[in-house]
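Asker: Enclosed is the structure file final-v8.tsv (TSV, C-alpha atoms).
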```
chain	number	residue	atom	x	y	z
H	1	MET	CA	-18.80	-12.33	-8.04
H	2	ALA	CA	-18.17	-16.02	-8.67
H	3	ILE	CA	-18.21	-18.60	-5.89
H	4	ILE	CA	-16.67	-21.86	-7.07
H	5	ARG	CA	-16.32	-25.12	-5.18
H	6	VAL	CA	-13.56	-27.43	-6.40
H	7	ARG	CA	-12.41	-30.95	-5.56
H	8	PHE	CA	-9.10	-32.24	-6.85
H	9	PHE	CA	-6.55	-34.90	-6.02
H	10	SER	CA	-3.73	-33.58	-3.85
H	11	ASN	CA	-0.37	-35.33	-4.10
H	12	CYS	CA	0.65	-33.75	-0.79
H	13	LEU	CA	-2.35	-35.20	1.05
H	14	MET	CA	-2.81	-38.35	-1.07
H	15	ARG	CA	-6.55	-37.89	-1.39
H	16	THR	CA	-9.20	-35.78	-3.06
H	17	VAL	CA	-9.64	-32.48	-1.21
H	18	PRO	CA	-12.06	-29.53	-1.52
H	19	PHE	CA	-11.56	-25.80	-1.58
H	20	THR	CA	-13.87	-22.85	-2.16
H	21	ALA	CA	-12.84	-19.91	-4.34
H	22	VAL	CA	-14.36	-16.44	-4.38
H	23	LEU	CA	-13.45	-14.51	-7.53
H	24	PRO	CA	-14.26	-10.80	-7.95
H	25	ASN	CA	-14.87	-11.16	-11.69
H	26	ASP	CA	-18.38	-9.85	-12.39
H	27	GLY	CA	-18.23	-6.15	-11.68
H	28	GLY	CA	-20.43	-5.14	-14.63
H	29	PHE	CA	-19.76	-3.19	-17.82
H	30	LEU	CA	-18.76	0.32	-18.80
H	31	LYS	CA	-20.76	2.57	-21.15
H	32	ASP	CA	-18.81	1.38	-24.18
H	33	GLY	CA	-19.76	-2.22	-23.40
H	34	SER	CA	-16.35	-3.26	-22.09
H	35	PRO	CA	-16.07	-5.00	-18.71
H	36	ASP	CA	-15.11	-2.80	-15.75
H	37	PHE	CA	-12.89	-5.51	-14.29
H	38	VAL	CA	-9.72	-7.19	-15.47
H	39	LEU	CA	-10.06	-10.95	-15.44
H	40	GLU	CA	-6.37	-11.69	-15.15
H	41	ASN	CA	-3.49	-11.44	-12.70
H	42	MET	CA	-5.82	-11.18	-9.72
H	43	LYS	CA	-4.34	-10.61	-6.29
H	44	THR	CA	-5.03	-13.65	-4.14
H	45	LEU	CA	-5.58	-14.39	-0.46
H	46	TYR	CA	-5.30	-18.00	0.73
H	47	LEU	CA	-7.56	-17.95	3.78
H	48	LEU	CA	-7.37	-20.74	6.38
H	49	HIS	CA	-10.20	-21.78	8.71
H	50	GLY	CA	-9.94	-22.60	12.40
H	51	TYR	CA	-10.06	-25.80	14.43
H	52	THR	CA	-13.19	-27.91	13.67
H	53	GLY	CA	-13.98	-25.67	10.69
H	54	ASP	CA	-14.01	-26.23	6.95
H	55	GLU	CA	-13.60	-24.48	3.60
H	56	ASN	CA	-17.03	-22.84	3.80
H	57	ASP	CA	-16.69	-21.19	7.22
H	58	TYR	CA	-15.96	-17.70	5.91
H	59	LEU	CA	-18.87	-17.82	3.47
H	60	VAL	CA	-21.23	-18.74	6.30
H	61	HIS	CA	-19.93	-16.46	9.05
H	62	THR	CA	-18.46	-13.41	7.28
H	63	HIS	CA	-19.03	-11.04	4.36
H	64	ILE	CA	-15.95	-12.35	2.58
H	65	SER	CA	-17.57	-12.23	-0.87
H	66	GLU	CA	-18.36	-8.52	-0.51
H	67	LEU	CA	-14.80	-7.78	0.63
H	68	SER	CA	-13.35	-9.80	-2.23
H	69	LYS	CA	-15.32	-7.71	-4.71
H	70	LYS	CA	-14.69	-4.37	-2.98
H	71	TYR	CA	-10.91	-4.84	-2.84
H	72	GLY	CA	-10.49	-6.88	-6.02
H	73	ILE	CA	-8.83	-9.79	-4.25
H	74	ALA	CA	-9.56	-13.43	-5.07
H	75	VAL	CA	-9.95	-15.61	-1.97
H	76	ILE	CA	-9.06	-19.30	-1.91
H	77	MET	CA	-10.34	-21.20	1.14
H	78	PRO	CA	-9.04	-24.78	1.57
H	79	ASP	CA	-10.20	-27.48	3.95
H	80	GLY	CA	-7.40	-27.97	6.47
H	81	ASP	CA	-9.05	-30.67	8.59
H	82	ASN	CA	-7.71	-30.26	12.18
H	83	SER	CA	-4.13	-30.43	10.90
H	84	PHE	CA	-2.86	-27.02	12.08
H	85	TYR	CA	-1.64	-26.79	8.49
H	86	ILE	CA	1.65	-28.57	9.17
H	87	ASP	CA	3.25	-31.68	7.69
H	88	HIS	CA	2.36	-35.01	9.28
H	89	VAL	CA	5.05	-37.21	7.78
H	90	ALA	CA	4.05	-40.46	9.50
H	91	GLU	CA	0.53	-40.12	8.09
H	92	ASN	CA	1.79	-39.01	4.65
H	93	ARG	CA	-0.23	-35.81	4.97
H	94	HIS	CA	1.85	-32.75	4.13
H	95	PHE	CA	-0.51	-29.88	4.87
H	96	GLY	CA	2.25	-27.28	5.06
H	97	LYS	CA	3.55	-28.10	1.59
H	98	TYR	CA	-0.03	-28.35	0.33
H	99	ILE	CA	-0.82	-24.81	1.52
H	100	GLY	CA	2.54	-23.26	0.64
H	101	GLU	CA	3.12	-24.86	-2.75
H	102	GLU	CA	0.62	-27.29	-4.24
H	103	LEU	CA	-2.59	-25.33	-3.69
H	104	VAL	CA	-1.01	-22.11	-4.93
H	105	GLU	CA	0.36	-23.77	-8.05
H	106	TYR	CA	-2.90	-25.56	-8.81
H	107	THR	CA	-5.15	-22.52	-8.37
H	108	ARG	CA	-2.85	-20.42	-10.52
H	109	ARG	CA	-3.30	-22.94	-13.32
H	110	LEU	CA	-7.06	-23.09	-12.80
H	111	PHE	CA	-7.85	-19.37	-12.40
H	112	PRO	CA	-6.36	-16.11	-13.80
H	113	LEU	CA	-4.40	-15.34	-10.64
H	114	SER	CA	-1.23	-13.31	-10.40
H	115	LYS	CA	1.92	-15.40	-10.15
H	116	GLU	CA	3.78	-12.60	-8.41
H	117	ARG	CA	4.78	-12.87	-4.75
H	118	GLU	CA	3.74	-9.27	-4.13
H	119	ASP	CA	0.15	-10.15	-5.13
H	120	THR	CA	-0.09	-13.37	-3.09
H	121	TYR	CA	-1.17	-13.41	0.56
H	122	ILE	CA	-2.03	-15.89	3.29
H	123	GLY	CA	-4.34	-15.45	6.28
H	124	GLY	CA	-6.40	-17.29	8.82
H	125	LEU	CA	-8.01	-17.34	12.23
H	126	SER	CA	-7.23	-19.40	15.34
H	127	MET	CA	-5.70	-22.65	14.04
H	128	GLY	CA	-5.66	-20.95	10.66
H	129	GLY	CA	-3.98	-17.88	12.17
H	130	TYR	CA	-1.17	-20.12	13.35
H	131	GLY	CA	-1.13	-21.88	9.98
H	132	ALA	CA	-0.94	-18.56	8.14
H	133	MET	CA	1.91	-17.28	10.32
H	134	ARG	CA	3.89	-20.51	10.18
H	135	ASN	CA	3.42	-21.19	6.45
H	136	GLY	CA	3.56	-17.55	5.46
H	137	LEU	CA	7.05	-17.41	6.92
H	138	LYS	CA	8.11	-20.90	5.81
H	139	TYR	CA	7.02	-20.15	2.25
H	140	ALA	CA	8.06	-16.52	2.32
H	141	HIS	CA	9.12	-16.81	-1.31
H	142	THR	CA	5.42	-17.34	-2.16
H	143	PHE	CA	3.60	-14.94	0.19
H	144	SER	CA	4.26	-11.22	0.65
H	145	LYS	CA	1.74	-10.57	3.44
H	146	ILE	CA	0.32	-12.52	6.38
H	147	LEU	CA	-2.99	-12.02	8.21
H	148	ALA	CA	-3.24	-13.73	11.60
H	149	PHE	CA	-6.46	-13.44	13.61
H	150	SER	CA	-6.31	-14.80	17.17
H	151	GLY	CA	-3.55	-17.23	16.26
H	152	ALA	CA	-3.48	-20.56	18.10
H	153	TYR	CA	0.29	-20.52	18.71
H	154	ILE	CA	0.34	-23.74	20.70
H	155	PRO	CA	4.01	-24.54	19.88
H	156	ILE	CA	4.99	-21.12	21.26
H	157	ARG	CA	3.09	-21.85	24.47
H	158	ILE	CA	4.81	-25.23	24.83
H	159	VAL	CA	8.28	-23.82	24.17
H	160	ASP	CA	7.80	-20.89	26.56
H	161	ASN	CA	6.49	-23.34	29.17
H	162	GLY	CA	9.77	-25.24	29.18
H	163	GLY	CA	8.65	-27.85	26.67
H	164	VAL	CA	5.60	-28.88	28.69
H	165	PRO	CA	2.19	-28.93	26.94
H	166	VAL	CA	-0.96	-28.01	28.87
H	167	ASP	CA	-4.65	-28.63	28.31
H	168	ASP	CA	-6.22	-25.34	27.18
H	169	GLY	CA	-9.83	-26.48	27.27
H	170	VAL	CA	-9.95	-26.93	23.49
H	171	SER	CA	-6.94	-29.10	22.68
H	172	ASN	CA	-5.67	-31.54	25.28
H	173	VAL	CA	-2.10	-32.66	25.91
H	174	GLU	CA	-2.49	-35.91	23.97
H	175	PHE	CA	-3.75	-34.08	20.90
H	176	GLN	CA	-0.95	-31.51	21.06
H	177	CYS	CA	1.71	-34.22	21.26
H	178	ARG	CA	0.16	-36.12	18.37
H	179	VAL	CA	-0.01	-33.03	16.14
H	180	PHE	CA	3.26	-31.29	17.05
H	181	GLY	CA	5.39	-34.26	18.09
H	182	ASP	CA	7.90	-34.37	20.93
H	183	PRO	CA	7.30	-31.15	22.91
H	184	LYS	CA	10.96	-31.03	23.96
H	185	MET	CA	12.00	-30.65	20.31
H	186	LEU	CA	9.81	-27.66	19.49
H	187	ALA	CA	12.31	-25.02	20.63
H	188	THR	CA	14.43	-25.64	17.53
H	189	SER	CA	11.62	-26.75	15.22
H	190	ASP	CA	10.06	-24.82	12.35
H	191	LEU	CA	6.72	-25.47	14.03
H	192	ASP	CA	7.58	-22.42	16.13
H	193	PRO	CA	7.21	-19.51	13.68
H	194	ARG	CA	9.83	-17.54	15.60
H	195	VAL	CA	12.45	-20.07	14.51
H	196	ILE	CA	11.54	-19.60	10.85
H	197	TYR	CA	11.58	-15.81	11.20
H	198	GLN	CA	15.10	-15.87	12.62
H	199	GLU	CA	16.26	-18.18	9.84
H	200	LEU	CA	14.89	-15.75	7.25
H	201	GLU	CA	16.72	-12.90	8.92
H	202	LYS	CA	20.00	-14.80	9.02
H	203	SER	CA	19.74	-15.68	5.35
H	204	LYS	CA	18.70	-12.08	4.53
H	205	LYS	CA	15.62	-13.28	2.65
H	206	SER	CA	12.48	-11.21	2.18
H	207	ILE	CA	10.09	-11.46	5.12
H	208	PRO	CA	6.35	-10.97	4.61
H	209	ARG	CA	4.60	-8.00	6.17
H	210	ILE	CA	2.35	-9.13	9.01
H	211	PHE	CA	-1.09	-8.10	10.28
H	212	MET	CA	-2.12	-9.49	13.69
H	213	THR	CA	-5.26	-8.92	15.68
H	214	GLU	CA	-6.35	-10.38	19.01
H	215	GLY	CA	-9.22	-9.97	21.46
H	216	SER	CA	-8.40	-8.83	24.99
H	217	GLU	CA	-10.68	-11.54	26.44
H	218	ASP	CA	-9.36	-14.31	24.19
H	219	PHE	CA	-8.07	-17.44	25.93
H	220	LEU	CA	-5.08	-17.31	23.53
H	221	LEU	CA	-4.09	-13.76	24.53
H	222	LYS	CA	-0.83	-14.81	26.22
H	223	GLU	CA	0.36	-16.75	23.16
H	224	ASN	CA	-0.44	-13.83	20.87
H	225	HIS	CA	1.41	-11.46	23.16
H	226	ALA	CA	4.43	-13.75	22.94
H	227	MET	CA	4.35	-13.62	19.14
H	228	ARG	CA	3.77	-9.86	19.18
H	229	ASP	CA	6.63	-9.26	21.60
H	230	PHE	CA	8.96	-11.36	19.49
H	231	LEU	CA	8.12	-9.40	16.34
H	232	GLN	CA	8.62	-6.13	18.17
H	233	ALA	CA	12.03	-7.28	19.37
H	234	GLN	CA	12.96	-8.13	15.78
H	235	ASN	CA	11.81	-4.72	14.53
H	236	ALA	CA	9.50	-6.58	12.16
H	237	ASP	CA	7.26	-4.83	9.64
H	238	PHE	CA	3.97	-5.69	11.30
H	239	THR	CA	0.68	-4.24	12.49
H	240	TYR	CA	-0.85	-5.42	15.76
H	241	ILE	CA	-4.40	-4.57	16.82
H	242	GLU	CA	-5.74	-5.62	20.21
H	243	ASP	CA	-9.36	-4.83	20.90
H	244	THR	CA	-12.17	-5.82	23.22
H	245	GLY	CA	-13.43	-9.22	22.19
H	246	GLU	CA	-13.30	-12.96	22.56
H	247	HIS	CA	-12.35	-15.90	20.38
H	248	ASP	CA	-15.40	-15.68	18.13
H	249	TRP	CA	-16.80	-14.55	14.81
H	250	ASP	CA	-18.02	-11.25	16.25
H	251	PHE	CA	-14.43	-10.24	16.91
H	252	TRP	CA	-13.05	-11.56	13.63
H	253	ASN	CA	-15.74	-9.88	11.56
H	254	LYS	CA	-15.03	-6.63	13.34
H	255	HIS	CA	-11.49	-6.54	11.96
H	256	LEU	CA	-11.75	-8.40	8.67
H	257	GLU	CA	-12.08	-5.31	6.50
H	258	GLU	CA	-9.08	-3.72	8.22
H	259	ALA	CA	-7.10	-6.75	7.14
H	260	PHE	CA	-8.21	-6.36	3.51
H	261	ALA	CA	-7.25	-2.68	3.62
H	262	PHE	CA	-3.82	-3.78	4.88
H	263	LEU	CA	-3.49	-6.10	1.88
H	264	ASN	CA	-4.24	-3.21	-0.46
H	265	GLU	CA	-1.68	-0.85	1.06
```
Please re-express this file's structure in structure tokens.
Answerer:
Amino acid sequence: MAIIRVRFFSNCLMRTVPFTAVLPNDGGFLKDGSPDFVLENMKTLYLLHGYTGDENDYLVHTHISELSKKYGIAVIMPDGDNSFYIDHVAENRHFGKYIGEELVEYTRRLFPLSKEREDTYIGGLSMGGYGAMRNGLKYAHTFSKILAFSGAYIPIRIVDNGGVPVDDGVSNVEFQCRVFGDPKMLATSDLDPRVIYQELEKSKKSIPRIFMTEGSEDFLLKENHAMRDFLQAQNADFTYIEDTGEHDWDFWNKHLEEAFAFLNE
């Protein structure tokens, strides 16, 4: 198992940014002396942290390195700031393009990762769950599967509330308007992942398979139900698991291995 911390200059973000990579590349050797792993064309999960987190969250709070090795999946964990992983044009910070294109292209040059869509996945929790859903669909030509844990689907909440943002105790109205822009415009914006999904359907493009999980005591339960109900109505290829739990690492750890098993299906 190799854990590598990298800093490089991102053209999408116009600054030097960090990411942490976990590579399952030290499995040992067979009796004839040859390695029992193949250090090429590794399946890859781009895993996004939540609000106030950073690129090391999963190393600190989960057993991500063990899962990477067990399932043979490389994990790339970027620092997403508090961006919600979307493009902020006025600030010249294009987090969506960074996640969906630049980071994937750069890591494929740096490490022996598969360049195939079928071997490339995106996932995340809370803010990162939203970022994974939104960018997994927006860059569906890159990602074949999406993992969304307790997604913070704030644009969905605003749209379904008639274009009116509300303070949820974590993000206030001013923050939501700054990040997502004019709330009245979200109903037709690609910041609502439902809009992107419908565009993919209309264009008959491949849509990633989706794994969602949510805690029954989570303060984002209503928003996750809205996303779940939409996917059900679209007859989407998705798995939804709702279980006792809150918006915390105990819940996310409980279902992390299920998500890796889903990736290996």
Asker: For each of H:Leu263, H:Leu186, H:Phe230, H:Arg15, take the minimum atom-to-atom distance to Asn92 in chain H, counting only C-alpha atoms, then give the residue where this is smallest.
Answerer: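 Of H:Leu263, H:Leu186, H:Phe230, H:Arg15, the one nearest Asn92 in chain H is H:Arg15, counting only C-alpha atoms.
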Asker: Which residues of range 188-250 of chain H come within 12 Å of range 162-174 of chain H, and for each one, what is the closest pair of atoms and their distance in Å to one decimal, counting only C-alpha atoms, sorted by chain and residue number, as JSON lines?
Answerer:
```
{"residue": "H:Thr188", "atom": "CA", "partner": "H:Gly163", "partner_atom": "CA", "distance": 11.0}
{"residue": "H:Ser189", "atom": "CA", "partner": "H:Gly163", "partner_atom": "CA", "distance": 11.9}
{"residue": "H:Asp192", "atom": "CA", "partner": "H:Gly163", "partner_atom": "CA", "distance": 11.9}
{"residue": "H:Asp218", "atom": "CA", "partner": "H:Asp168", "partner_atom": "CA", "distance": 11.9}
{"residue": "H:Phe219", "atom": "CA", "partner": "H:Asp168", "partner_atom": "CA", "distance": 8.2}
{"residue": "H:Leu220", "atom": "CA", "partner": "H:Asp168", "partner_atom": "CA", "distance": 8.9}
{"residue": "H:Lys222", "atom": "CA", "partner": "H:Asp168", "partner_atom": "CA", "distance": 11.9}
{"residue": "H:Glu223", "atom": "CA", "partner": "H:Asp168", "partner_atom": "CA", "distance": 11.5}
{"residue": "H:His247", "atom": "CA", "partner": "H:Val170", "partner_atom": "CA", "distance": 11.7}
```
Asker: Let's have the selection written as a compact mmCIF listing (two decimals), in the frame of the given file, with C-alpha atoms.
Answerer:
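Final file, selection-v5.txt:
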```txt
# COMPACT_ATOMS: atom_id res chain seq x y z
CA THR H 188 14.43 -25.64 17.53
CA SER H 189 11.62 -26.75 15.22
CA ASP H 192 7.58 -22.42 16.13
CA ASP H 218 -9.36 -14.31 24.19
CA PHE H 219 -8.07 -17.44 25.93
CA LEU H 220 -5.08 -17.31 23.53
CA LYS H 222 -0.83 -14.81 26.22
CA GLU H 223 0.36 -16.75 23.16
CA HIS H 247 -12.35 -15.90 20.38
```
Asker: For CA of His255 in chain H and CA of Glu242 in chain H, determine how far apart the two atoms are, in Å to one decimal place.
Answerer: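 Calculated distance between CA of His255 in chain H and CA of Glu242 in chain H is 10.1 Å.
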Asker: So how many Å separate CA of Glu55 in chain H and CA of Pro18 in chain H, to one decimal?
Answerer: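 Distance between the two atoms: 7.4 Å.
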Asker: At what distance in Å, to one decimal, does CA of Asn161 in chain H lie from CA of His88 in chain H?
Answerer: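 Distance between the two atoms: 23.4 Å.
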Asker: I'd like the contact shell of Ile76 in chain H - 8 Å cut-off, only C-alpha atoms, skipping same-chain residues fewer than 5 positions apart - returned as a list in words.
Answerer: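 Using only C-alpha atoms, the neighbours found are Phe19, Thr20, Ala21, Val22, Thr44, Leu45, Tyr46 and Leu47 of chain H.
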Asker: How would the residues just picked look written out with C-alpha atoms as a compact mmCIF listing (two decimals), keeping the file's coordinate frame?
Answerer:
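Output (selection_2.txt):
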```txt
# COMPACT_ATOMS: atom_id res chain seq x y z
CA PHE H 19 -11.56 -25.80 -1.58
CA THR H 20 -13.87 -22.85 -2.16
CA ALA H 21 -12.84 -19.91 -4.34
CA VAL H 22 -14.36 -16.44 -4.38
CA THR H 44 -5.03 -13.65 -4.14
CA LEU H 45 -5.58 -14.39 -0.46
CA TYR H 46 -5.30 -18.00 0.73
CA LEU H 47 -7.56 -17.95 3.78
```
Asker: Within 9 Å of Glu214 in chain H, counting only C-alpha atoms, which residues qualify if same-chain residues fewer than 5 places away don't, as a PDB file with C-alpha atoms, in the frame of the given file?
Answerer:
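File around-v8.pdb, as written:
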```
ATOM      1  CA  ALA H 148      -3.240 -13.730  11.600  1.00  0.00           C
ATOM      2  CA  PHE H 149      -6.460 -13.440  13.610  1.00  0.00           C
ATOM      3  CA  SER H 150      -6.310 -14.800  17.170  1.00  0.00           C
ATOM      4  CA  GLY H 151      -3.550 -17.230  16.260  1.00  0.00           C
ATOM      5  CA  LEU H 220      -5.080 -17.310  23.530  1.00  0.00           C
ATOM      6  CA  LEU H 221      -4.090 -13.760  24.530  1.00  0.00           C
ATOM      7  CA  ASN H 224      -0.440 -13.830  20.870  1.00  0.00           C
ATOM      8  CA  HIS H 225       1.410 -11.460  23.160  1.00  0.00           C
ATOM      9  CA  TYR H 240      -0.850  -5.420  15.760  1.00  0.00           C
ATOM     10  CA  ILE H 241      -4.400  -4.570  16.820  1.00  0.00           C
ATOM     11  CA  GLU H 242      -5.740  -5.620  20.210  1.00  0.00           C
ATOM     12  CA  ASP H 243      -9.360  -4.830  20.900  1.00  0.00           C
ATOM     13  CA  THR H 244     -12.170  -5.820  23.220  1.00  0.00           C
ATOM     14  CA  GLY H 245     -13.430  -9.220  22.190  1.00  0.00           C
ATOM     15  CA  GLU H 246     -13.300 -12.960  22.560  1.00  0.00           C
ATOM     16  CA  HIS H 247     -12.350 -15.900  20.380  1.00  0.00           C
ATOM     17  CA  PHE H 251     -14.430 -10.240  16.910  1.00  0.00           C
ATOM     18  CA  TRP H 252     -13.050 -11.560  13.630  1.00  0.00           C
TER      19      TRP H 252
END
```
Asker: Would you mind listing what lies within 10 Å of Ile86 in chain H as number ranges by chain, with only C-alpha atoms counted and same-chain residues fewer than 4 positions away left out?
Answerer: H: 80, 82, 93-99, 130-131, 134-135, 179-180, 190-191
Asker: Of the candidates H:Lys204, H:Lys69, H:Arg209, H:His63, which shows the shortest atom-to-atom distance to Gly123 in chain H, using all atoms listed in the file?
Answerer: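 Residue with the minimum atom-to-atom distance to Gly123 in chain H: H:Arg209.
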Asker: So which one's closest to Phe262 in chain H, H:Gly100, H:Lys205, H:Gly136, H:Tyr71? Using only C-alpha atoms, please.
Answerer: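 Between H:Gly100, H:Lys205, H:Gly136, H:Tyr71, the residue approaching Phe262 in chain H most closely is H:Tyr71.
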Asker: Need the neighbours of (-14.9, -15.5, -7.1): which residues are at most 9 Å away, counting only C-alpha atoms, as a list in words?
Answerer: Met1, Ala2, Ile3, Ile4, Thr20, Ala21, Val22, Leu23, Pro24, Asn25, Asp26, Ser65, Ser68, Lys69, Ile73, Ala74, Val75 and Ile76 of chain H
Asker: Rank nothing, just name the residue among H:Thr213, H:Gln176, H:Gln232, H:Ser10 nearest to Gly124 in chain H, using all atoms listed in the file.
Answerer: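 The closest residue to Gly124 in chain H is H:Thr213.
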Asker: For each of H:Val17, H:Pro193, H:Gly181, H:Ala187, take the minimum atom-to-atom distance to Val89 in chain H, counting all atoms listed in the file, then give the residue where this is smallest.
Answerer: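 For Val89 in chain H, the nearest of the candidates is H:Gly181.
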Asker: Quick one: of H:Met14, H:Leu125, H:Met227, H:Leu200, who's nearest to Pro155 in chain H, counting all atoms listed in the file?
Answerer: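 Nearest candidate to Pro155 in chain H out of H:Met14, H:Leu125, H:Met227, H:Leu200: H:Met227.
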Asker: Mind working out the centre and edge lengths of an axis-aligned box for range 93-105 of chain H, all listed atoms inside, 5 Å added to each side, rounded to one decimal in Å and written as AutoDock Vina command-line options?
Answerer:
```
--center_x 0.5 --center_y -29.0 --center_z -1.5 --size_x 16.1 --size_y 23.7 --size_z 23.1
```
Asker: Skip Glu116 in chain H itself and residues of its chain fewer than 3 positions away, then list as a list in words all residues within 9 Å of it, counting only C-alpha atoms.
Answerer: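 Counting only the stated atoms, we get Asn41, Lys43, Leu113, Asp119, Thr120, Thr142 and Phe143 of chain H.
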